[in-house]
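Below is one structure, written out as structure tokens; comments come after it.
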Amino acid sequence: MAKLDIGIKRAYEPVGSEDGRRVLVDRIWPRGVSKRVANVDTWEKELAPSIELRKWFDHDPEKFDRFRERYIDELRERREDLKELRGWGRKGRLTLVYSAKDEKYNQAVVLAEILKRGLPRTKPESTVSKSR
């Protein structure tokens with residue numbers, strides 16, 4: 001299996017020659033960024049967290065573990081889209097573009113992990129009992 005070359009980058013950072021194929025993974029277009037400046041090749045809204053999940057998470061680092069679990073559950077419904085992104089990442093650099101301020105706690109971090117490792121087969125037992 002070919003190694004995946006995946007990076008993540010904020011939409012507000014300058015485009016770099018090393019970015020390769022740039023894929024926006026937000027449901028909403030980044031505020032104040034023109035399409036020319038964003039310079040994305042593809043906008044994959046369907047791979048972004050649902051509106052409900054995004055609002056619930058509200059970029060609260062304390063909710064990130066639960067956000068990650070719930071987002072992975074949503075991604076299970078997007079297997080074909082994930083397969084397509086993996087294919088792009090095998091052909092060359094794939095940069096997931098996002099607009100969140102927090103570079104550690106956002107959906108692009110989770111999505112990059114899932115693209116590299118695959119979807120977990122089952123939920124860990126410790127997370128099943130946690131309330132939503």
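To be explicit about the labels: the chains of the structure tokens are called A, B, and onward in the order shown, and within each one the residues are counted from 1, while ligands get numbers from 1 in the order they are shown.
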| task | Please run DSSP on the backbone and report, as a PyMOL selection string, all residues within chain A that come out as alpha helix (DSSP H). | result | chain A and resi 35-38+51-57+64-75+79-91+107-117+125-128
Could you give me, as a short mmCIF file (atom, residue, chain, number, x, y, z; two decimals) with C-alpha atoms, in the first residue's frame, the residues within 12 Å of segment 16-26 of chain A, counting only C-alpha atoms and dropping anything in the same chain fewer than 6 positions from it?
```cif
data_model
loop_
_atom_site.label_atom_id
_atom_site.label_comp_id
_atom_site.auth_asym_id
_atom_site.auth_seq_id
_atom_site.Cartn_x
_atom_site.Cartn_y
_atom_site.Cartn_z
CA ASP A 5 1.15 12.19 2.25
CA ILE A 6 -1.38 14.24 4.22
CA GLY A 7 -1.01 17.60 5.88
CA ILE A 8 -3.36 20.11 7.45
CA LYS A 9 -3.35 23.88 7.14
CA ARG A 10 -5.54 26.78 8.18
CA VAL A 33 -11.14 34.38 2.57
CA LYS A 35 -11.80 31.71 -3.40
CA VAL A 37 -6.78 33.38 -1.84
CA ALA A 38 -7.98 30.00 -0.50
CA ASN A 39 -6.89 28.35 -3.73
CA VAL A 40 -8.56 25.03 -2.91
CA ASP A 41 -8.89 22.32 -5.52
CA THR A 42 -11.97 20.79 -3.93
CA TRP A 43 -14.47 21.71 -1.24
CA GLU A 44 -15.65 18.56 0.56
CA LYS A 45 -18.53 19.91 2.68
CA GLU A 46 -19.90 16.40 3.14
CA LEU A 47 -16.78 15.37 5.05
CA ALA A 48 -17.13 18.22 7.53
CA PRO A 49 -18.87 17.58 10.85
CA SER A 50 -22.64 18.01 10.79
CA ILE A 51 -24.00 21.41 11.74
CA ARG A 54 -20.11 21.53 15.04
CA ASP A 81 -15.45 10.01 0.05
CA LEU A 82 -12.69 8.88 2.41
CA GLU A 84 -11.30 9.11 -2.78
CA LEU A 85 -9.23 11.35 -0.48
CA ARG A 86 -6.90 8.46 0.34
CA GLY A 87 -6.37 7.97 -3.37
CA TRP A 88 -5.38 11.60 -3.78
CA GLY A 89 -3.01 11.28 -0.81
CA ARG A 90 -1.32 8.27 -2.39
CA LYS A 91 -0.69 10.17 -5.63
CA GLY A 92 0.93 13.17 -3.97
CA ARG A 93 0.65 15.66 -1.15
CA LEU A 94 -2.90 16.22 0.12
CA THR A 95 -3.51 19.22 2.37
CA LEU A 96 -6.72 19.37 4.39
CA VAL A 97 -7.70 23.02 4.71
CA TYR A 98 -9.80 24.21 7.67
CA SER A 99 -10.72 27.55 9.24
CA ALA A 100 -10.78 26.86 13.00
CA ASN A 106 -10.42 20.59 14.98
CA GLN A 107 -11.98 18.25 12.44
CA ALA A 108 -8.99 18.31 10.06
CA VAL A 109 -6.83 16.71 12.76
CA VAL A 110 -9.36 13.89 13.15
CA LEU A 111 -9.88 13.50 9.41
CA ALA A 112 -6.13 13.29 8.73
#
```
| query | Nearest to Glu13 of chain A among A:Lys83, A:Phe64, A:Lys116, A:Pro30, with distances taken over only C-alpha atoms: which residue is it? | reply | A:Pro30
| query | Between atom CA of Trp56 of chain A and atom CA of Arg68 of chain A, what is the spacing in Å? | reply |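 Separation of atom CA of Arg68 of chain A and atom CA of Trp56 of chain A: 12.1 Å.
Atom CA of Ile114 of chain A to atom CA of Asp73 of chain A spans 11.3 Å [interatomic distance, one decimal].
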| query | Interatomic distance between atom CA of Arg117 of chain A and atom CA of Arg70 of chain A? | reply |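 Between these atoms lies a distance of 17.1 Å.
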